[in-house]
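> model.txt is reproduced below (compact mmCIF, C-alpha atoms).
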# COMPACT_ATOMS: atom_id res chain seq x y z
CA MET N 1 -30.91 -21.62 -19.12
CA ALA N 2 -27.48 -23.14 -19.69
CA ARG N 3 -27.29 -26.92 -19.39
CA HIS N 4 -24.21 -29.08 -18.84
CA LEU N 5 -24.20 -31.97 -21.28
CA LYS N 6 -20.86 -33.05 -19.78
CA THR N 7 -19.41 -32.04 -16.40
CA ALA N 8 -15.90 -32.02 -14.92
CA ARG N 9 -14.46 -32.94 -11.53
CA SER N 10 -15.76 -30.83 -8.66
CA SER N 11 -13.86 -27.90 -7.18
CA GLU N 12 -13.58 -29.86 -3.91
CA GLN N 13 -11.75 -32.70 -5.63
CA ARG N 14 -9.40 -30.25 -7.33
CA ALA N 15 -8.66 -28.56 -3.99
CA GLU N 16 -7.58 -31.89 -2.49
CA ASP N 17 -5.08 -32.36 -5.33
CA ASP N 18 -3.71 -28.84 -4.79
CA ALA N 19 -3.18 -29.45 -1.06
CA LYS N 20 -0.95 -32.47 -1.71
CA VAL N 21 1.16 -30.49 -4.17
CA ARG N 22 1.57 -27.57 -1.73
CA GLN N 23 3.06 -29.75 0.98
CA THR N 24 5.60 -31.39 -1.34
CA VAL N 25 6.72 -28.07 -2.78
CA GLU N 26 7.14 -26.45 0.62
CA GLN N 27 9.47 -29.24 1.77
CA ILE N 28 11.63 -29.14 -1.35
CA LEU N 29 11.97 -25.34 -1.37
CA ASP N 30 13.00 -25.43 2.27
CA ASP N 31 15.68 -28.00 1.41
CA VAL N 32 16.99 -25.94 -1.53
CA GLY N 33 17.08 -22.82 0.64
CA LYS N 34 19.10 -24.57 3.36
CA ARG N 35 21.48 -26.79 1.37
CA GLY N 36 21.81 -25.06 -2.00
CA ASP N 37 23.85 -26.93 -4.59
CA ALA N 38 23.86 -30.17 -2.60
CA ALA N 39 20.07 -30.18 -2.52
CA ILE N 40 19.57 -29.49 -6.22
CA ALA N 41 22.11 -32.17 -7.13
CA GLU N 42 20.24 -34.76 -5.07
CA LEU N 43 16.87 -33.68 -6.41
CA SER N 44 18.08 -33.76 -10.02
CA ALA N 45 19.44 -37.28 -9.54
CA LYS N 46 16.21 -38.39 -7.86
CA PHE N 47 13.67 -36.90 -10.24
CA ASP N 48 15.57 -36.64 -13.54
CA ASN N 49 18.33 -39.24 -13.14
CA TYR N 50 20.77 -36.50 -14.14
CA SER N 51 24.00 -35.77 -12.26
CA PRO N 52 26.35 -33.51 -14.26
CA ASP N 53 29.52 -31.87 -12.97
CA SER N 54 27.81 -28.52 -13.57
CA PHE N 55 24.19 -27.70 -14.30
CA ARG N 56 25.25 -24.59 -16.21
CA LEU N 57 26.07 -25.24 -19.87
CA ASP N 58 29.35 -23.75 -21.06
CA SER N 59 29.96 -22.51 -24.61
CA ASN N 60 31.16 -25.93 -25.76
CA ALA N 61 28.01 -27.64 -24.48
CA ILE N 62 25.84 -24.99 -26.13
CA ASP N 63 27.66 -25.38 -29.45
CA ALA N 64 27.30 -29.16 -29.23
CA ALA N 65 23.57 -28.85 -28.64
CA MET N 66 23.18 -26.38 -31.50
CA GLY N 67 24.98 -28.83 -33.77
CA GLN N 68 22.34 -31.45 -33.11
CA VAL N 69 19.48 -29.26 -34.35
CA GLY N 70 18.59 -29.49 -38.04
CA LYS N 71 18.82 -26.48 -40.34
CA GLN N 72 15.07 -26.33 -40.89
CA ASP N 73 14.40 -26.53 -37.15
CA LEU N 74 16.85 -23.71 -36.50
CA ALA N 75 15.22 -21.64 -39.23
CA ASP N 76 11.79 -22.28 -37.71
CA ILE N 77 13.02 -21.28 -34.25
CA ARG N 78 14.42 -18.04 -35.68
CA PHE N 79 11.16 -17.34 -37.54
CA ALA N 80 9.07 -17.88 -34.40
CA GLN N 81 11.36 -15.70 -32.32
CA GLU N 82 11.23 -12.94 -34.89
CA GLN N 83 7.42 -12.89 -34.61
CA VAL N 84 7.58 -12.76 -30.82
CA ARG N 85 10.29 -10.09 -30.92
CA ASN N 86 8.42 -7.95 -33.42
CA PHE N 87 5.19 -7.91 -31.40
CA ALA N 88 7.08 -7.32 -28.13
CA GLU N 89 8.89 -4.35 -29.67
CA HIS N 90 5.56 -2.83 -30.72
CA GLN N 91 4.25 -3.38 -27.19
CA LYS N 92 7.32 -1.76 -25.67
CA ALA N 93 6.90 1.23 -27.97
CA ALA N 94 3.46 1.77 -26.42
CA LEU N 95 5.11 2.29 -23.02
CA SER N 96 6.49 5.77 -22.57
CA ASP N 97 8.06 7.79 -19.79
CA ILE N 98 6.02 10.83 -18.84
CA GLU N 99 6.69 14.14 -17.08
CA VAL N 100 3.94 16.68 -16.47
CA GLU N 101 3.53 19.95 -14.58
CA THR N 102 0.38 19.34 -12.54
CA LEU N 103 0.51 22.67 -10.69
CA PRO N 104 2.72 25.69 -11.35
CA GLY N 105 6.16 24.54 -10.20
CA VAL N 106 5.13 20.93 -9.40
CA ILE N 107 6.61 18.29 -11.72
CA LEU N 108 5.44 14.66 -11.61
CA GLY N 109 6.62 11.82 -13.80
CA HIS N 110 7.31 8.16 -14.20
CA LYS N 111 10.10 6.11 -15.71
CA ASN N 112 9.82 2.61 -17.13
CA ILE N 113 12.79 0.59 -15.85
CA PRO N 114 13.50 -3.06 -16.78
CA VAL N 115 13.88 -5.66 -14.05
CA ASN N 116 17.60 -6.32 -13.48
CA SER N 117 17.57 -10.13 -13.57
CA VAL N 118 15.07 -12.79 -14.63
CA GLY N 119 14.95 -16.56 -14.42
CA CYS N 120 13.09 -18.19 -17.32
CA TYR N 121 11.79 -21.71 -16.77
CA VAL N 122 11.16 -23.84 -19.85
CA PRO N 123 9.18 -27.06 -19.29
CA GLY N 124 10.65 -30.19 -20.77
CA GLY N 125 9.11 -33.18 -19.08
CA LYS N 126 6.60 -35.02 -21.22
CA TYR N 127 6.92 -32.43 -24.00
CA PRO N 128 10.06 -30.30 -24.51
CA MET N 129 8.36 -26.91 -24.89
CA VAL N 130 10.81 -25.13 -27.15
CA ALA N 131 8.35 -22.29 -27.71
CA SER N 132 8.43 -21.31 -24.03
CA ALA N 133 12.00 -20.15 -24.51
CA HIS N 134 10.81 -17.72 -27.19
CA MET N 135 8.07 -16.33 -24.98
CA SER N 136 10.22 -15.68 -21.91
CA VAL N 137 13.80 -15.14 -23.06
CA VAL N 138 13.07 -13.10 -26.19
CA THR N 139 10.46 -10.93 -24.46
CA ALA N 140 12.78 -10.23 -21.52
CA LYS N 141 15.54 -9.31 -23.97
CA VAL N 142 13.30 -6.82 -25.76
CA ALA N 143 12.35 -5.32 -22.40
CA GLY N 144 16.02 -4.66 -21.67
CA VAL N 145 16.61 -7.08 -18.77
CA LYS N 146 20.35 -7.06 -17.98
CA ARG N 147 20.75 -10.68 -16.86
CA ILE N 148 18.55 -13.45 -18.27
CA ILE N 149 19.07 -17.00 -17.09
CA ALA N 150 17.13 -19.93 -18.46
CA SER N 151 16.65 -23.44 -17.19
CA ALA N 152 15.01 -26.60 -18.53
CA PRO N 153 15.06 -30.20 -17.33
CA PRO N 154 17.17 -32.85 -19.07
CA ASN N 155 15.59 -34.93 -21.80
CA ASP N 156 16.74 -38.55 -22.00
CA GLY N 157 19.59 -37.75 -19.64
CA ALA N 158 20.96 -34.72 -21.48
CA PRO N 159 20.10 -31.11 -22.33
CA HIS N 160 17.43 -30.97 -25.03
CA PRO N 161 19.22 -29.58 -28.13
CA ALA N 162 16.30 -27.57 -29.52
CA ILE N 163 15.51 -25.98 -26.15
CA VAL N 164 19.16 -25.02 -25.69
CA ALA N 165 19.21 -23.58 -29.22
CA ALA N 166 16.08 -21.54 -28.56
CA MET N 167 17.47 -20.19 -25.28
CA HIS N 168 20.80 -19.30 -26.89
CA ILE N 169 19.34 -17.71 -30.03
CA GLY N 170 16.84 -15.84 -27.87
CA GLY N 171 19.64 -14.20 -25.90
CA ALA N 172 19.90 -16.04 -22.56
CA ASP N 173 23.05 -15.06 -20.64
CA GLU N 174 23.21 -18.29 -18.63
CA ILE N 175 21.69 -21.66 -19.56
CA TYR N 176 21.10 -24.45 -17.05
CA CYS N 177 19.96 -28.04 -17.47
CA LEU N 178 17.89 -28.31 -14.32
CA GLY N 179 14.19 -28.95 -13.93
CA GLY N 180 11.21 -28.85 -11.62
CA ILE N 181 10.92 -27.31 -8.17
CA GLN N 182 14.70 -27.43 -7.75
CA ALA N 183 15.20 -25.25 -10.82
CA VAL N 184 12.83 -22.43 -9.87
CA GLY N 185 13.97 -22.70 -6.25
CA ALA N 186 17.63 -22.36 -7.21
CA MET N 187 16.96 -19.38 -9.49
CA ALA N 188 14.84 -17.58 -6.89
CA LEU N 189 16.77 -18.39 -3.73
CA GLY N 190 20.26 -18.72 -5.18
CA THR N 191 22.85 -21.40 -4.45
CA GLU N 192 26.64 -21.47 -4.24
CA SER N 193 26.84 -21.69 -8.03
CA ILE N 194 23.65 -19.92 -9.17
CA ALA N 195 23.14 -16.25 -8.33
CA SER N 196 19.52 -15.48 -7.47
CA VAL N 197 17.25 -13.49 -9.77
CA ASP N 198 14.68 -10.77 -9.15
CA MET N 199 11.85 -12.39 -11.10
CA LEU N 200 10.69 -15.84 -12.26
CA VAL N 201 8.71 -16.43 -15.44
CA GLY N 202 7.53 -19.33 -17.54
CA PRO N 203 4.97 -22.14 -17.33
CA GLY N 204 5.40 -25.56 -15.77
CA ASN N 205 3.58 -28.46 -14.19
CA ALA N 206 1.54 -28.19 -10.99
CA TYR N 207 4.68 -28.44 -8.84
CA VAL N 208 6.51 -25.68 -10.70
CA ALA N 209 3.42 -23.45 -10.58
CA GLU N 210 3.05 -24.01 -6.84
CA ALA N 211 6.75 -23.34 -6.30
CA LYS N 212 6.41 -19.99 -8.04
CA ARG N 213 3.37 -19.20 -5.91
CA GLN N 214 5.27 -19.95 -2.70
CA LEU N 215 8.31 -17.96 -3.85
CA TYR N 216 6.25 -14.90 -4.79
CA GLY N 217 7.26 -12.02 -2.56
CA ARG N 218 10.87 -13.09 -2.31
CA VAL N 219 10.92 -12.66 -6.09
CA GLY N 220 8.44 -11.37 -8.60
CA ILE N 221 6.62 -13.76 -10.90
CA ASP N 222 4.79 -13.38 -14.17
CA LEU N 223 1.52 -14.89 -12.92
CA PHE N 224 0.01 -17.78 -10.97
CA ALA N 225 -0.25 -20.46 -13.64
CA GLY N 226 -2.08 -23.76 -13.48
CA PRO N 227 -2.71 -26.49 -16.06
CA THR N 228 -3.39 -25.41 -19.64
CA GLU N 229 -7.04 -24.50 -20.21
CA THR N 230 -9.01 -24.16 -23.41
CA LEU N 231 -12.51 -22.91 -24.13
CA VAL N 232 -14.21 -23.20 -27.49
CA ILE N 233 -17.17 -20.87 -28.15
CA ALA N 234 -18.94 -22.08 -31.27
CA ASP N 235 -22.21 -22.03 -33.15
CA GLU N 236 -23.49 -23.85 -36.23
CA THR N 237 -21.07 -21.95 -38.51
CA VAL N 238 -18.40 -24.58 -37.68
CA ASP N 239 -18.49 -28.35 -37.49
CA ALA N 240 -17.81 -30.90 -34.78
CA GLU N 241 -14.44 -31.95 -36.22
CA MET N 242 -13.04 -28.46 -35.73
CA CYS N 243 -14.46 -28.12 -32.22
CA ALA N 244 -13.23 -31.55 -31.10
CA THR N 245 -9.80 -31.00 -32.64
CA ASP N 246 -9.38 -27.67 -30.87
CA LEU N 247 -10.50 -29.14 -27.55
CA LEU N 248 -8.22 -32.18 -27.68
CA GLY N 249 -5.34 -30.20 -29.16
CA GLN N 250 -4.96 -28.51 -25.76
CA ALA N 251 -6.17 -31.38 -23.59
CA GLU N 252 -3.03 -33.29 -24.58
CA HIS N 253 -0.99 -30.90 -22.41
CA GLY N 254 -1.79 -32.94 -19.33
CA PRO N 255 -4.41 -35.03 -17.52
CA THR N 256 -5.67 -32.02 -15.53
CA SER N 257 -6.12 -29.63 -18.47
CA PRO N 258 -9.70 -28.32 -18.68
CA ALA N 259 -11.32 -28.32 -22.14
CA VAL N 260 -14.75 -26.69 -22.43
CA LEU N 261 -17.22 -26.20 -25.28
CA ILE N 262 -19.88 -23.51 -25.04
CA THR N 263 -22.44 -23.57 -27.82
CA ASN N 264 -26.04 -22.67 -28.63
CA SER N 265 -26.37 -25.62 -31.01
CA GLU N 266 -27.49 -28.92 -29.49
CA LYS N 267 -26.55 -30.71 -32.71
CA LEU N 268 -23.01 -29.32 -32.58
CA ALA N 269 -22.76 -30.30 -28.90
CA THR N 270 -23.79 -33.92 -29.45
CA ASP N 271 -21.78 -34.21 -32.67
CA THR N 272 -18.71 -32.89 -30.85
CA LEU N 273 -19.10 -35.52 -28.12
CA ALA N 274 -19.06 -38.22 -30.79
CA GLU N 275 -16.18 -36.61 -32.67
CA VAL N 276 -14.08 -36.42 -29.50
CA ASP N 277 -14.50 -40.17 -29.08
CA ARG N 278 -13.51 -40.78 -32.70
CA ILE N 279 -10.37 -38.64 -32.50
CA LEU N 280 -9.32 -40.19 -29.20
CA GLY N 281 -9.26 -43.49 -31.05
CA ILE N 282 -6.53 -42.27 -33.42
CA LEU N 283 -4.71 -39.50 -31.52
CA PRO N 284 -1.15 -40.55 -30.57
CA THR N 285 -1.39 -38.49 -27.35
CA ALA N 286 -4.78 -39.94 -26.44
CA ASP N 287 -3.48 -41.49 -23.22
CA VAL N 288 -3.20 -37.97 -21.76
CA ALA N 289 -5.98 -36.22 -23.65
CA ARG N 290 -8.52 -38.93 -22.74
CA LEU N 291 -7.91 -38.44 -19.01
CA ALA N 292 -8.16 -34.66 -19.34
CA TRP N 293 -11.42 -34.94 -21.28
CA ARG N 294 -12.85 -37.51 -18.87
CA ASP N 295 -12.11 -35.53 -15.71
CA TYR N 296 -11.97 -31.92 -16.89
CA GLY N 297 -13.98 -31.78 -20.12
CA GLU N 298 -17.27 -29.88 -20.21
CA ILE N 299 -19.96 -29.09 -22.76
CA ILE N 300 -22.34 -26.25 -21.91
CA LEU N 301 -25.44 -25.76 -24.05
CA CYS N 302 -26.87 -22.24 -24.04
CA ASP N 303 -30.08 -20.68 -25.33
CA SER N 304 -28.58 -17.47 -26.71
CA TYR N 305 -25.35 -15.65 -27.53
CA ASP N 306 -25.80 -13.48 -24.44
CA GLU N 307 -25.92 -16.63 -22.33
CA MET N 308 -22.83 -18.00 -24.11
CA LEU N 309 -21.02 -14.78 -23.21
CA GLU N 310 -22.17 -15.02 -19.60
CA GLN N 311 -20.91 -18.59 -19.30
CA ALA N 312 -17.61 -17.74 -20.99
CA GLU N 313 -17.04 -14.88 -18.55
CA HIS N 314 -17.68 -17.28 -15.67
CA VAL N 315 -15.24 -19.87 -17.02
CA ALA N 316 -12.57 -17.16 -17.62
CA SER N 317 -10.40 -19.61 -19.55
CA GLU N 318 -6.74 -19.25 -20.43
CA HIS N 319 -7.33 -19.83 -24.17
CA VAL N 320 -10.62 -18.91 -25.81
CA GLN N 321 -11.25 -20.06 -29.39
CA VAL N 322 -14.24 -18.15 -30.82
CA MET N 323 -15.87 -19.55 -33.98
CA THR N 324 -19.26 -17.94 -34.50
CA ASP N 325 -21.09 -15.64 -36.85
CA ARG N 326 -20.23 -12.73 -34.52
CA ASP N 327 -16.60 -13.17 -33.44
CA ASP N 328 -15.98 -9.42 -33.15
CA TRP N 329 -19.01 -9.13 -30.86
CA PHE N 330 -17.30 -11.50 -28.42
CA LEU N 331 -14.03 -9.53 -28.78
CA GLN N 332 -15.95 -6.35 -27.90
CA HIS N 333 -17.79 -7.80 -24.90
CA MET N 334 -15.49 -10.38 -23.31
CA THR N 335 -13.47 -9.17 -20.34
CA SER N 336 -12.18 -12.29 -18.53
CA TYR N 337 -9.75 -14.54 -20.45
CA GLY N 338 -6.08 -15.11 -21.17
CA ALA N 339 -6.05 -14.74 -24.96
CA LEU N 340 -8.68 -14.78 -27.70
CA PHE N 341 -8.36 -16.68 -30.97
CA LEU N 342 -10.94 -15.32 -33.34
CA GLY N 343 -12.37 -17.30 -36.26
CA PRO N 344 -11.75 -20.79 -37.60
CA ARG N 345 -8.63 -19.74 -39.52
CA THR N 346 -6.70 -19.25 -36.28
CA ASN N 347 -6.26 -21.56 -33.33
CA VAL N 348 -4.55 -21.82 -29.95
CA ALA N 349 -1.54 -23.69 -31.36
CA TYR N 350 -0.66 -20.64 -33.49
CA GLY N 351 -0.44 -18.53 -30.33
CA ASP N 352 1.39 -21.26 -28.45
CA LYS N 353 4.17 -21.63 -30.97
CA VAL N 354 4.72 -19.00 -33.59
CA ILE N 355 2.26 -16.19 -34.35
CA GLY N 356 3.92 -13.66 -32.02
CA THR N 357 1.62 -13.16 -29.05
CA ASN N 358 2.84 -14.60 -25.75
CA HIS N 359 1.62 -18.03 -24.68
CA THR N 360 2.25 -17.64 -20.92
CA LEU N 361 -1.29 -16.78 -19.87
CA PRO N 362 -3.50 -16.58 -16.75
CA THR N 363 -5.31 -19.74 -15.64
CA LYS N 364 -7.73 -20.67 -12.83
CA LYS N 365 -9.90 -17.63 -13.56
CA ALA N 366 -6.99 -15.20 -13.11
CA GLY N 367 -8.00 -13.60 -16.41
CA ARG N 368 -10.53 -11.68 -14.31
CA TYR N 369 -7.72 -9.50 -12.94
CA THR N 370 -4.59 -9.94 -15.07
CA GLY N 371 -3.41 -10.50 -18.59
CA GLY N 372 -0.57 -12.78 -19.61
CA LEU N 373 3.18 -12.38 -19.90
CA TRP N 374 4.22 -9.49 -22.13
CA VAL N 375 7.11 -7.08 -22.41
CA GLY N 376 5.53 -4.82 -19.78
CA LYS N 377 5.76 -7.56 -17.14
CA PHE N 378 9.54 -7.17 -17.21
CA ILE N 379 9.32 -3.40 -16.82
CA LYS N 380 8.68 -1.55 -13.56
CA THR N 381 7.01 1.86 -13.67
CA HIS N 382 8.59 4.13 -11.05
CA THR N 383 7.29 7.58 -10.19
CA TYR N 384 9.25 10.70 -9.25
CA GLN N 385 8.36 14.18 -8.04
CA LYS N 386 10.14 17.52 -7.91
CA VAL N 387 8.94 20.92 -6.69
CA MET N 388 10.55 23.73 -8.63
CA THR N 389 9.46 26.94 -6.83
CA ASP N 390 9.10 28.23 -3.27
CA ALA N 391 5.47 29.12 -3.92
CA ALA N 392 4.63 25.62 -5.10
CA SER N 393 6.23 24.03 -2.02
CA VAL N 394 4.25 26.34 0.27
CA GLN N 395 0.98 25.70 -1.59
CA VAL N 396 1.29 21.92 -1.37
CA GLY N 397 2.84 22.04 2.11
CA GLU N 398 -0.04 23.94 3.68
CA VAL N 399 -2.61 21.41 2.51
CA CYS N 400 -0.39 18.42 3.29
CA SER N 401 0.28 19.73 6.81
CA ARG N 402 -3.43 19.91 7.61
CA LEU N 403 -4.06 16.43 6.17
CA CYS N 404 -1.22 15.00 8.27
CA MET N 405 -2.71 16.54 11.43
CA LEU N 406 -6.10 15.12 10.48
CA GLU N 407 -4.55 11.66 10.61
CA GLY N 408 -2.43 12.31 13.69
CA PHE N 409 0.92 12.06 11.91
CA ILE N 410 2.82 14.87 13.66
CA GLY N 411 6.21 13.98 12.17
CA HIS N 412 4.74 13.90 8.68
CA GLY N 413 3.18 17.28 9.29
CA GLU N 414 6.46 18.76 10.44
CA GLN N 415 8.07 17.73 7.14
CA CYS N 416 5.52 20.00 5.49
CA ASN N 417 5.78 22.78 8.10
CA LEU N 418 9.55 22.99 7.70
CA ARG N 419 9.08 23.82 4.01
CA VAL N 420 6.32 26.32 4.72
CA ARG N 421 8.56 28.07 7.29
CA ARG N 422 11.63 28.03 5.08
CA TYR N 423 10.09 28.89 1.72
CA GLY N 424 7.06 30.89 2.85
CA GLY N 425 8.45 32.83 5.79
CA ARG N 426 5.77 31.50 8.16
CA ASN N 427 6.30 31.14 11.92
CA ILE N 428 4.66 27.78 12.66
CA GLU N 429 4.95 26.06 16.00
CA TYR N 430 6.05 22.41 16.04
CA GLY N 431 3.03 20.14 15.78
CA ALA N 432 0.63 22.82 14.58
CA PRO N 433 -0.89 22.86 11.09
CA ALA N 434 0.71 25.18 8.57
CA LEU N 435 -2.37 27.40 8.51
CA PRO N 436 -5.30 27.57 10.92
CA VAL N 437 -8.50 26.09 9.56
CA ASP N 438 -11.99 27.36 10.25
CA ASN N 439 -14.01 24.17 10.65
CA LYS N 440 -17.27 26.03 11.16
CA ALA N 441 -19.91 25.47 8.53
CA SER N 442 -19.72 28.15 5.90
Represent the supplied structure as structure tokens.

Amino acid sequence: MARHLKTARSSEQRAEDDAKVRQTVEQILDDVGKRGDAAIAELSAKFDNYSPDSFRLDSNAIDAAMGQVGKQDLADIRFAQEQVRNFAEHQKAALSDIEVETLPGVILGHKNIPVNSVGCYVPGGKYPMVASAHMSVVTAKVAGVKRIIASAPPNDGAPHPAIVAAMHIGGADEIYCLGGIQAVGAMALGTESIASVDMLVGPGNAYVAEAKRQLYGRVGIDLFAGPTETLVIADETVDAEMCATDLLGQAEHGPTSPAVLITNSEKLATDTLAEVDRILGILPTADVARLAWRDYGEIILCDSYDEMLEQAEHVASEHVQVMTDRDDWFLQHMTSYGALFLGPRTNVAYGDKVIGTNHTLPTKKAGRYTGGLWVGKFIKTHTYQKVMTDAASVQVGEVCSRLCMLEGFIGHGEQCNLRVRRYGGRNIEYGAPALPVDNKAS
């Protein structure tokens, strides 16, 4: 039976935190919806101490930002974006339009059509997340989105040069220096100076995530995202230093970021506890990681690999680092996660920054029913139908007429009857099925 050597805050405590965030977000979105530019200007001054003449960066501002980024940094941004672009192009190639003749004269098909406009949010509060621009802007560009706008909060009172560079190189059509609830609210609802978009994507803090949740329906979103989560599944084939490093490497995202170790080795579990304490003593971001580990860290000791799998499926973490003697077995059997990182040679940071897969992933157990952001999220699959012959219209119409009558939809049925009369030469009274049906048992 699985045992918790370390537990996290209860679900009840987490729910209380969420309730406070919901109320704040609702009030701010209402303000943005009513007052537009005036509201976002006040909110930017209040939360970011930033009050520009325009939140949109013109070409001169973009060039100035690009000029502040070193050559090596620009080269690294381009390399990372090329990896993301390459994988997204392969994913897009796997999506194809189809058209099939399902019955003689009946043609069904679907077309894959990009979303027309997307707003990409790039976090930039405690950490300016340059990589998020790659994941959203570049992937939307590959999908064929016509209008891509991108927004990030100011950093030290000005646009962050590397974020602006990543947005620009990635292909953003409009770049804004605006953060938080006011940014996603402005992109979704529109203001006097910012035209609204059809879809919002990108990670953010709890307030940004809640804003996207509340805006869903008025616009599409990539997914409901919470704090970064990491799960390490390990056995005695790896050591405590690697486990602790991979746990704390994601815990530094924020004080509410869950970090969980599942193992069948009691020695590895206890050694990892000690190693976490050692690393927290030297980690420059320990002020954040320590809180995350204290309140949201867990160690689960299991008796078998099957039990490790069962616990991992229950956790359904955003990032799952698997380091065992049977990594491919977990790949074959796991069904609920955001992304897998298999073997000690890879790690979550690779996926976060450069390897090419997308780092916007499902959290809060959403991996049970959705994957993360990918090129397909920006593409809508629309069906179409056409009936090519009189005989086919009559064949389908007769059955459809009877099914409509079964449900009591007389008007629906008459749509079918009209075709049967016109293309089949039948004399059908209004409101009667296209053909009489013998309901007696055969």
> List the spatial neighbours of region 274-286 of chain N as an mmCIF file with C-alpha atoms, in the coordinates of the input - criterion: any atom at most 8 Å away, only C-alpha atoms, same-chain residues fewer than 6 positions off excluded.

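Written output follows (out_30.cif):
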data_model
loop_
_atom_site.group_PDB
_atom_site.id
_atom_site.type_symbol
_atom_site.label_atom_id
_atom_site.label_comp_id
_atom_site.auth_asym_id
_atom_site.auth_seq_id
_atom_site.Cartn_x
_atom_site.Cartn_y
_atom_site.Cartn_z
ATOM 1 C CA ALA N 240 -17.810 -30.900 -34.780
ATOM 2 C CA GLU N 241 -14.440 -31.950 -36.220
ATOM 3 C CA ALA N 244 -13.230 -31.550 -31.100
ATOM 4 C CA THR N 245 -9.800 -31.000 -32.640
ATOM 5 C CA LEU N 248 -8.220 -32.180 -27.680
ATOM 6 C CA GLU N 252 -3.030 -33.290 -24.580
#
> When distances are computed from only C-alpha atoms, which of N:Gly67, N:Pro52, N:Gly397, N:Gly125 shows the smallest separation from Gln415 (chain N)?
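Result for the nearest residue to Gln415 (chain N): N:Gly397.
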> Which of these, N:Arg9, N:His382, N:Arg290, N:His253, has the shortest distance to Lys111 (chain N) once you count only C-alpha atoms?
N:His382
> Excluding same-chain residues fewer than 5 positions from Val232 (chain N), what lies within 9 Å of it counting all atoms listed in the file, as a list of chain:residue names?
N:Cys243, N:Asp246, N:Leu247, N:Ala259, N:Val260, N:Leu261, N:Ile262, N:Thr263, N:His319, N:Val320, N:Gln321, N:Val322, N:Met323
> For region 248-272 of chain N against region 351-365 of chain N, with a cut-off of 12 Å and counting all atoms listed in the file, what is the closest atom pair and its distance in Å to one decimal for every residue that makes the cut, ordered by chain and number, as JSON lines?

{"residue": "N:Gly249", "atom": "CA", "partner": "N:Asp352", "partner_atom": "CA", "distance": 11.2}
{"residue": "N:Gln250", "atom": "CA", "partner": "N:Asp352", "partner_atom": "CA", "distance": 10.0}
{"residue": "N:His253", "atom": "CA", "partner": "N:Asp352", "partner_atom": "CA", "distance": 11.6}
{"residue": "N:Thr256", "atom": "CA", "partner": "N:Lys364", "partner_atom": "CA", "distance": 11.8}
{"residue": "N:Ser257", "atom": "CA", "partner": "N:Thr363", "partner_atom": "CA", "distance": 10.3}
{"residue": "N:Pro258", "atom": "CA", "partner": "N:Lys364", "partner_atom": "CA", "distance": 9.8}
> What does the structure give for the distance between CA of Gly180 (chain N) and CA of Tyr207 (chain N), in Å to one decimal?
7.1 Å
> Up to 7 Å from (9.9, -7.4, -16.7) in the file's coordinates: name the residues, counting all atoms listed in the file, as a list in words.
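Residues close enough to count: Pro114, Val115, Ala140, Ala143, Val375, Gly376, Lys377, Phe378, Ile379 and Lys380 of chain N.
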> Just checking: using only C-alpha atoms, which residue out of N:Gln27, N:Gly171, N:Ile149, N:Glu266 ends up closest to Glu236 (chain N)?
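Going through N:Gln27, N:Gly171, N:Ile149, N:Glu266 one by one, the smallest distance to Glu236 (chain N) is for N:Glu266.
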> Need to verify the contact set: Ala152 (chain N), 6 Å, all atoms listed in the file, exclusion of same-chain residues closer than 2 positions in sequence. Can you return it as number ranges by chain?
N: 122-123, 177-179
> Place a sphere of radius 8 Å on (-5.8, -37.8, -19.8) in the file coordinates and name every protein, DNA or RNA residue with an atom inside or on its surface, counting all atoms listed in the file; give the answer as a list in words.
Ala251, Glu252, Gly254, Pro255, Thr256, Ala286, Asp287, Val288, Ala289, Arg290, Leu291, Ala292, Trp293, Arg294 and Asp295 of chain N
> How many Å lie between CA of Glu99 (chain N) and CA of Gly371 (chain N), rounded to one decimal?
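CA of Gly371 (chain N) lies 26.7 Å from CA of Glu99 (chain N).
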> Pick out the closest residue to Ala65 (chain N) from this set: N:Cys416, N:Ala165, N:Ser317, N:Lys386. Count only C-alpha atoms.
N:Ala165
> So what do you get for CA of Ser193 (chain N) versus CA of Ala172 (chain N), distance-wise?
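According to the coordinates, CA of Ser193 (chain N) and CA of Ala172 (chain N) are separated by 17.1 Å.
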> If we count only C-alpha atoms, what is near Ala186 (chain N) at a cut-off of 9 Å, once residues fewer than 5 positions away on the same chain are taken out, given as a PyMOL selection string?
chain N and resi 29+32-33+36-37+40+181+191+194-196
> Identify which of the residues N:Gly343, N:Glu407, N:Thr383, N:Met242 lies closest to Val100 (chain N), counting all atoms listed in the file when measuring atom-to-atom distances.
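Closest to Val100 (chain N), using all atoms listed in the file: N:Thr383.
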> Between N:Gly202, N:Pro344, N:Gly431, N:Gly70, which is the closest to Trp374 (chain N) once you count all atoms listed in the file?
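Result for the nearest residue to Trp374 (chain N): N:Gly202.
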> Can you sort out the box for region 215-228 of chain N, edges along x, y and z, all listed atoms in, 5 Å on every side, with centre and edge lengths in Å to one decimal, as JSON?

{"center_x": 3.8, "center_y": -18.9, "center_z": -11.0, "size_x": 24.3, "size_y": 25.1, "size_z": 27.3}
